[in-house]
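Asker: Take a look at the following structure, please.
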Amino acid sequence: MPLNRRKFLKKSAVTGAGVALAGAAAAPAAQAAESVAGGKAPKRYSLTVMGTTDLHGHVFNWDYFKDAEYTDKAGNAQGLARISTLVNEIREEKGRCNTLLLDAGDTIQGTPLTYYYAKVDPITAKGGPVHPMAQAMNAIGFDAAALGNHEFNYGIETLRKFESQCRFPLLGANALDAKTLKPAFPPYFIKKFHVPGAPAVKVAVLGLTNPGIAIWDKAYVQGKLTFPGLEEQAAKWVPKLRSMGADVVVVSAHSGSSGTSSYGDQLPYVENSAALVAQQVPGIDAILVGHAHVEIPELKVTNTATGKTVVLSEPLAYAERLSVFDVELVLEKGKWTVESVAASVRNSNSVADDPKITKLLKDEHDVVVAYVNQVVGTATETLTTVEARYKDAPIIDLITKVQEDVVKAALVGTSYASLPVIAQASPFSRTSEIPAGDVTIRDLSSLYVYDNTLVAKLMTGAQIRAYLEYSAQYFVQTAADATVDVEKLTNANSRPDYNYDYVSGLQYDIDIAQAAGSRIKNLTYNGAALDDAEQFVLAVNNYRANGGGAFPHVASATEVWAESTEIRTRIAEWVTAKGSLDPKEFASVDWKLTRDGTPVF
C-alpha cells in the first residue's frame, strides 16, 4: 500500500490532482446513537482532528546546540517522540478510525539533524538515507501535511525527495507551477470515515502554504513556482471540495492568524491570513494554523457570508503542543452536518517519549550529535550574545567579519572589487555562547541558527542610512532621564530580535530618546561623515536580501554576487582555517546606544 500511495503522490504532484484516499475501518457502534423514548434520535458521529506545526526537525527533546536535554523556564518539552505518545493516547481514547492527524508545515529545516540530512549526508544522494522527519512522521501515521516556507530552503530537489519518502501527501493548493499555473503539489486530501448503519463521513483537508516563499526562497523558486494568496485559492478549492461531497472541510494553513505581513507591500498577498480565510471563504469548519510560532488553543472566527463560526487552533512550535479539534456531526435528511467544533491543545511535557520513535531514530540522532561536537578551533575568551541586543557584541562582529571576508574574496577581479564591503548581522539568540577553549560546530551553529546564505547587494550611503534608521525602530523610545530596564528596551512594536541589524564597517550612534526615524547620529565611514552618494557592497543574508523584515532598499538593490553555502558553514570554515578565535581579529565597536548624545551604557 505505501508504495502504491507514493506512486500516486508522485503522479499527483506532477498533474496537480488532489489526493483522495479512503479511510479504513468502521467506527464503533457506540458512535451511532441508539433509539430513545419517543422515537429514534438522529445518528451522530464524533471526529477528532489532531495537528502539529512548525516541527522544524525536532524529533527528540534534545538541544543539539547545548548537547543536552531541552529545557526552558516554562517547563516545555519538544519532539515528535513526545507527540507520538499524545497521539497514541488520543487514538486509544477516541478510536484510531475516528481520528485524523495533520501538520501545517515547516518540517525539514531547523535543527542540526535536518541540516545534516540535507547537506552533510543528503537524502538526495544516490542510495542516500531516508529523512528522519519522514521516518518519524510515517511511523506516527500522519495523514497529510501542508507545505511550509522552510520546506523550500534546501531547494526543490530536496523537497521532492522528502515528498517521495513520505507515506502521506504534502499539500499546497497555492503552490503553483509558474508556467501552467496548475498546482505543483496535491491541493487536498480526502478521507472517508465509516459509521455503522449510516453514510460514510467524508472529510476533506485543504493545504495552503505561505506566499512569502516567493521572496524568502526566490533563488530556488523564481520562474518555477508561484504562490498566490491563501484567501484566493481557498475560495477556489473549498466549493470544489463541497461539490465532491465533503461533509467536513479542514484547512491546514502555513500562515498565522494576525492578518499582518513581514514583507511590507512587496507582495499583494497577506503572510498571516488564516483568520482572513476563515472570515472570507464560506464552507470551512476548522483551520490548523502554522507559521507564527504562537500558541492559540482555540480562536473562533465568524464567516462574513454565512455567519457560521470557524474554529482555528495553532499548537506551539517544535512539537511542544498538539492541537485537538473535536468535531461533532449529526445526520439530517441523509446528510451529515457539522453541529459543533471545539479546539484545545495538549502539552507534550505531560508524557514520555514513545520508545518506538526513540528506537527508530537513535542511530541518526547519535550521528548528528557526534558531528556537531567536532572541534574546529580554540577560543581565547568566552563570547556570548547575552547583551547583544543593546550592546555591540564581539560575537556578532564575528558574523559580519566572516561575511565581509567571503564577499571581498568573491569580488576579486570584478568591477566591484574596489568598493568598500560592509556587512549585516542580527542577534538571533539571547543565549548563544562560545566558551573559552575548544570550539565545536555545535558552538558556532548556536550562534547562527538559521540556514541562511550570503548575498552581496549594491547600496548607496543614503540607502544605508535609511536601512539603519529602519533597524533602530527595534528600540523602545526612552527619555534621557528615564530608568533603563534592558528587558523593556527592545522589541518595540513586537519586532523580533532577528529583525534588528548591526551594520559593520561604519560607526554610528542610536539615540533612543528620539522618535523612530530620527535616531541615527554621527554616522561615519573611515572617520568622515558618510557620503550619501558613495557606493557600498552590503554582505547580507538571503532572508534580508529578498525582503524579509521589509528593510528599505535592500530587496530592490542590484545583486552583485550570491552563493548557496550557508553562512553558518562559512563561519565554521573561517574558524577552522584560523585555528583560533581571538576577538582581536574581528571585534570592533561600530555602534552604541545614546540618549540626547549621552551613552546609555
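Lettering and numbering for the C-alpha cells are positional, with chains as A, B, ... in the shown order, residues counted from 1 in each chain, and ligands counted from 1 in the shown order.
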Taking 3 positions as the minimum chain separation for residues in the same chain, which residues sit within 6 Å of range 424-437 of chain A when counting only C-alpha atoms? Answer as a ChimeraX atom specification.

Answerer: /A:378-386,443,446-447,498,500-503,540

Asker: If you run DSSP over the backbone, which residues in range 343-583 of chain A end up alpha helix (DSSP H)? Put them as a PyMOL selection string.

Answerer: chain A and resi 355-372+394-411+441-447+461-471+542-545+567-578

Asker: Write out as a ChimeraX atom specification which residues come within 12 Å of Val294 in chain A when counting only C-alpha atoms, dropping same-chain ones fewer than 6 positions away.

Answerer: /A:53-54,255-258,272,313-318,320-321

Asker: Would you compute the distance between CA of Pro297 in chain A and CA of Tyr450 in chain A? Give it in Å to one decimal.

Answerer: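 Spanning CA of Pro297 in chain A to CA of Tyr450 in chain A is a straight-line distance of 27.5 Å.
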
Asker: Please list as a ChimeraX atom specification every residue within 12 Å of Val486 in chain A, counting only C-alpha atoms and excluding residues in the same chain fewer than 6 positions away.

Answerer: /A:386-391,475-476,478,593,600-601

Asker: Could you give me, as an NGL selection string, each residue of range 169-216 of chain A that DSSP assigns to strand (DSSP E) when run on this structure's backbone?

Answerer: :A and (170-171 or 176-177 or 188-195 or 198-208)

Asker: Could you write out that same residue set with N, CA and C atoms as an mmCIF file, in the first residue's frame?

Answerer:
data_model
loop_
_atom_site.group_PDB
_atom_site.id
_atom_site.type_symbol
_atom_site.label_atom_id
_atom_site.label_comp_id
_atom_site.auth_asym_id
_atom_site.auth_seq_id
_atom_site.Cartn_x
_atom_site.Cartn_y
_atom_site.Cartn_z
ATOM 1 N N LEU A 170 2.052 15.893 0.785
ATOM 2 C CA LEU A 170 2.408 17.268 1.139
ATOM 3 C C LEU A 170 1.498 18.176 0.318
ATOM 4 N N LEU A 171 0.654 18.933 0.983
ATOM 5 C CA LEU A 171 -0.398 19.696 0.313
ATOM 6 C C LEU A 171 -0.017 21.166 0.128
ATOM 7 N N LEU A 176 1.862 26.841 -7.104
ATOM 8 C CA LEU A 176 1.516 26.562 -8.499
ATOM 9 C C LEU A 176 2.742 26.500 -9.393
ATOM 10 N N ASP A 177 2.648 25.703 -10.421
ATOM 11 C CA ASP A 177 3.673 25.697 -11.467
ATOM 12 C C ASP A 177 3.656 27.064 -12.151
ATOM 13 N N TYR A 188 -5.349 18.961 -2.060
ATOM 14 C CA TYR A 188 -6.220 18.486 -0.987
ATOM 15 C C TYR A 188 -6.049 16.988 -0.771
ATOM 16 N N PHE A 189 -6.668 16.524 0.297
ATOM 17 C CA PHE A 189 -6.671 15.112 0.677
ATOM 18 C C PHE A 189 -8.076 14.807 1.195
ATOM 19 N N ILE A 190 -8.626 13.680 0.821
ATOM 20 C CA ILE A 190 -9.969 13.308 1.270
ATOM 21 C C ILE A 190 -9.911 11.938 1.939
ATOM 22 N N LYS A 191 -10.578 11.838 3.078
ATOM 23 C CA LYS A 191 -10.638 10.556 3.785
ATOM 24 C C LYS A 191 -12.074 10.290 4.226
ATOM 25 N N LYS A 192 -12.500 9.035 4.069
ATOM 26 C CA LYS A 192 -13.847 8.638 4.482
ATOM 27 C C LYS A 192 -13.790 7.921 5.825
ATOM 28 N N PHE A 193 -14.740 8.269 6.677
ATOM 29 C CA PHE A 193 -14.869 7.619 7.971
ATOM 30 C C PHE A 193 -16.200 6.871 7.990
ATOM 31 N N HIS A 194 -16.161 5.564 8.198
ATOM 32 C CA HIS A 194 -17.367 4.733 8.116
ATOM 33 C C HIS A 194 -18.128 4.734 9.439
ATOM 34 N N VAL A 195 -19.428 4.873 9.334
ATOM 35 C CA VAL A 195 -20.319 4.857 10.505
ATOM 36 C C VAL A 195 -21.334 3.733 10.289
ATOM 37 N N ALA A 198 -25.047 4.019 8.571
ATOM 38 C CA ALA A 198 -25.195 5.407 8.107
ATOM 39 C C ALA A 198 -24.197 5.654 6.980
ATOM 40 N N PRO A 199 -24.414 6.719 6.192
ATOM 41 C CA PRO A 199 -23.435 7.048 5.152
ATOM 42 C C PRO A 199 -22.071 7.370 5.767
ATOM 43 N N ALA A 200 -21.013 7.141 5.006
ATOM 44 C CA ALA A 200 -19.672 7.493 5.479
ATOM 45 C C ALA A 200 -19.558 9.007 5.649
ATOM 46 N N VAL A 201 -18.730 9.418 6.599
ATOM 47 C CA VAL A 201 -18.418 10.843 6.772
ATOM 48 C C VAL A 201 -17.193 11.151 5.917
ATOM 49 N N LYS A 202 -17.357 12.088 5.018
ATOM 50 C CA LYS A 202 -16.286 12.421 4.074
ATOM 51 C C LYS A 202 -15.593 13.710 4.542
ATOM 52 N N VAL A 203 -14.313 13.604 4.845
ATOM 53 C CA VAL A 203 -13.549 14.742 5.366
ATOM 54 C C VAL A 203 -12.513 15.175 4.329
ATOM 55 N N ALA A 204 -12.533 16.444 3.988
ATOM 56 C CA ALA A 204 -11.556 17.000 3.042
ATOM 57 C C ALA A 204 -10.587 17.899 3.791
ATOM 58 N N VAL A 205 -9.309 17.763 3.477
ATOM 59 C CA VAL A 205 -8.270 18.618 4.054
ATOM 60 C C VAL A 205 -7.641 19.411 2.918
ATOM 61 N N LEU A 206 -7.732 20.731 3.002
ATOM 62 C CA LEU A 206 -7.115 21.617 2.014
ATOM 63 C C LEU A 206 -5.823 22.161 2.587
ATOM 64 N N GLY A 207 -4.731 22.030 1.843
ATOM 65 C CA GLY A 207 -3.430 22.534 2.299
ATOM 66 C C GLY A 207 -3.074 23.847 1.639
ATOM 67 N N LEU A 208 -2.662 24.813 2.443
ATOM 68 C CA LEU A 208 -2.254 26.124 1.932
ATOM 69 C C LEU A 208 -0.897 26.499 2.513
#

Asker: Skip Trp216 in chain A itself and residues of its chain fewer than 5 positions away, then list as an MDAnalysis selection string all residues within 7 Å of it, counting only C-alpha atoms.

Answerer: chainID A and resid 543 546 548

Asker: Go ahead and save the residues from that selection, with N, CA, C and O atoms, as a PDB file, in the first residue's frame.

Answerer:
ATOM      1  N   TYR A 543      17.631  36.005   3.469  1.00  0.00           N
ATOM      2  CA  TYR A 543      16.309  36.372   4.001  1.00  0.00           C
ATOM      3  C   TYR A 543      16.123  37.881   3.906  1.00  0.00           C
ATOM      4  O   TYR A 543      15.107  38.365   3.407  1.00  0.00           O
ATOM      5  N   ASN A 546      16.164  39.263   0.206  1.00  0.00           N
ATOM      6  CA  ASN A 546      14.931  39.024  -0.546  1.00  0.00           C
ATOM      7  C   ASN A 546      13.729  39.755   0.029  1.00  0.00           C
ATOM      8  O   ASN A 546      12.603  39.566  -0.442  1.00  0.00           O
ATOM      9  N   GLY A 548      12.906  39.947   3.543  1.00  0.00           N
ATOM     10  CA  GLY A 548      12.475  39.541   4.877  1.00  0.00           C
ATOM     11  C   GLY A 548      12.708  40.645   5.892  1.00  0.00           C
ATOM     12  O   GLY A 548      13.814  41.187   5.997  1.00  0.00           O
TER      13      GLY A 548
END

Asker: Using only C-alpha atoms, which of the listed residues (A:Ser445, A:Ala545, A:Ala456, A:Gly105) sits closest to Ala410 in chain A?

Answerer: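 The shortest atom-to-atom distance to Ala410 in chain A comes from A:Ala456.
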
Asker: Which polymer residues have any atom within 6 Å of an atom of range 231-240 of chain A, counting only C-alpha atoms, with same-chain residues fewer than 4 positions away left out, as a VMD selection string?

Answerer: chain A and resid 174 277 281

Asker: Using C-alpha atoms, can you export the residues from the last selection as a short mmCIF file (atom, residue, chain, number, x, y, z; two decimals), in the first residue's frame?

Answerer:
data_model
loop_
_atom_site.label_atom_id
_atom_site.label_comp_id
_atom_site.auth_asym_id
_atom_site.auth_seq_id
_atom_site.Cartn_x
_atom_site.Cartn_y
_atom_site.Cartn_z
CA ASN A 174 -1.47 27.75 -3.68
CA VAL A 277 -9.51 32.76 5.11
CA VAL A 281 -14.33 31.82 2.49
#

Asker: I'd like the contact shell of Glu563 in chain A - 8 Å cut-off, only C-alpha atoms, skipping same-chain residues fewer than 5 positions apart - returned as a list of chain:residue names.

Answerer: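 Once the nearby chain positions are removed, what remains is A:Thr453, A:Leu454, A:Val455.
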
Asker: Any chance you can output those residues with C-alpha atoms as a compact mmCIF listing (two decimals), in the first residue's frame?

Answerer:
# COMPACT_ATOMS: atom_id res chain seq x y z
CA THR A 453 23.07 32.03 2.69
CA LEU A 454 25.09 35.07 1.68
CA VAL A 455 24.22 37.74 -0.90

Asker: Restricting the calculation to only C-alpha atoms: of A:Ser556, A:Thr565, A:Thr260, A:Asn373, which residue gets closest to Pro112 in chain A?

Answerer: A:Asn373

Asker: Looking at A:Gly127, A:Val327, A:Gly57, A:Val49, which one is nearest to Phe142 in chain A, with distances taken over only C-alpha atoms?

Answerer: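 Using only C-alpha atoms, the shortest distance to Phe142 in chain A belongs to A:Val49.
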
Asker: Quick one: pull the distance between CA of Ala319 in chain A and CA of Arg346 in chain A, Å, one decimal.

Answerer: 10.4 Å
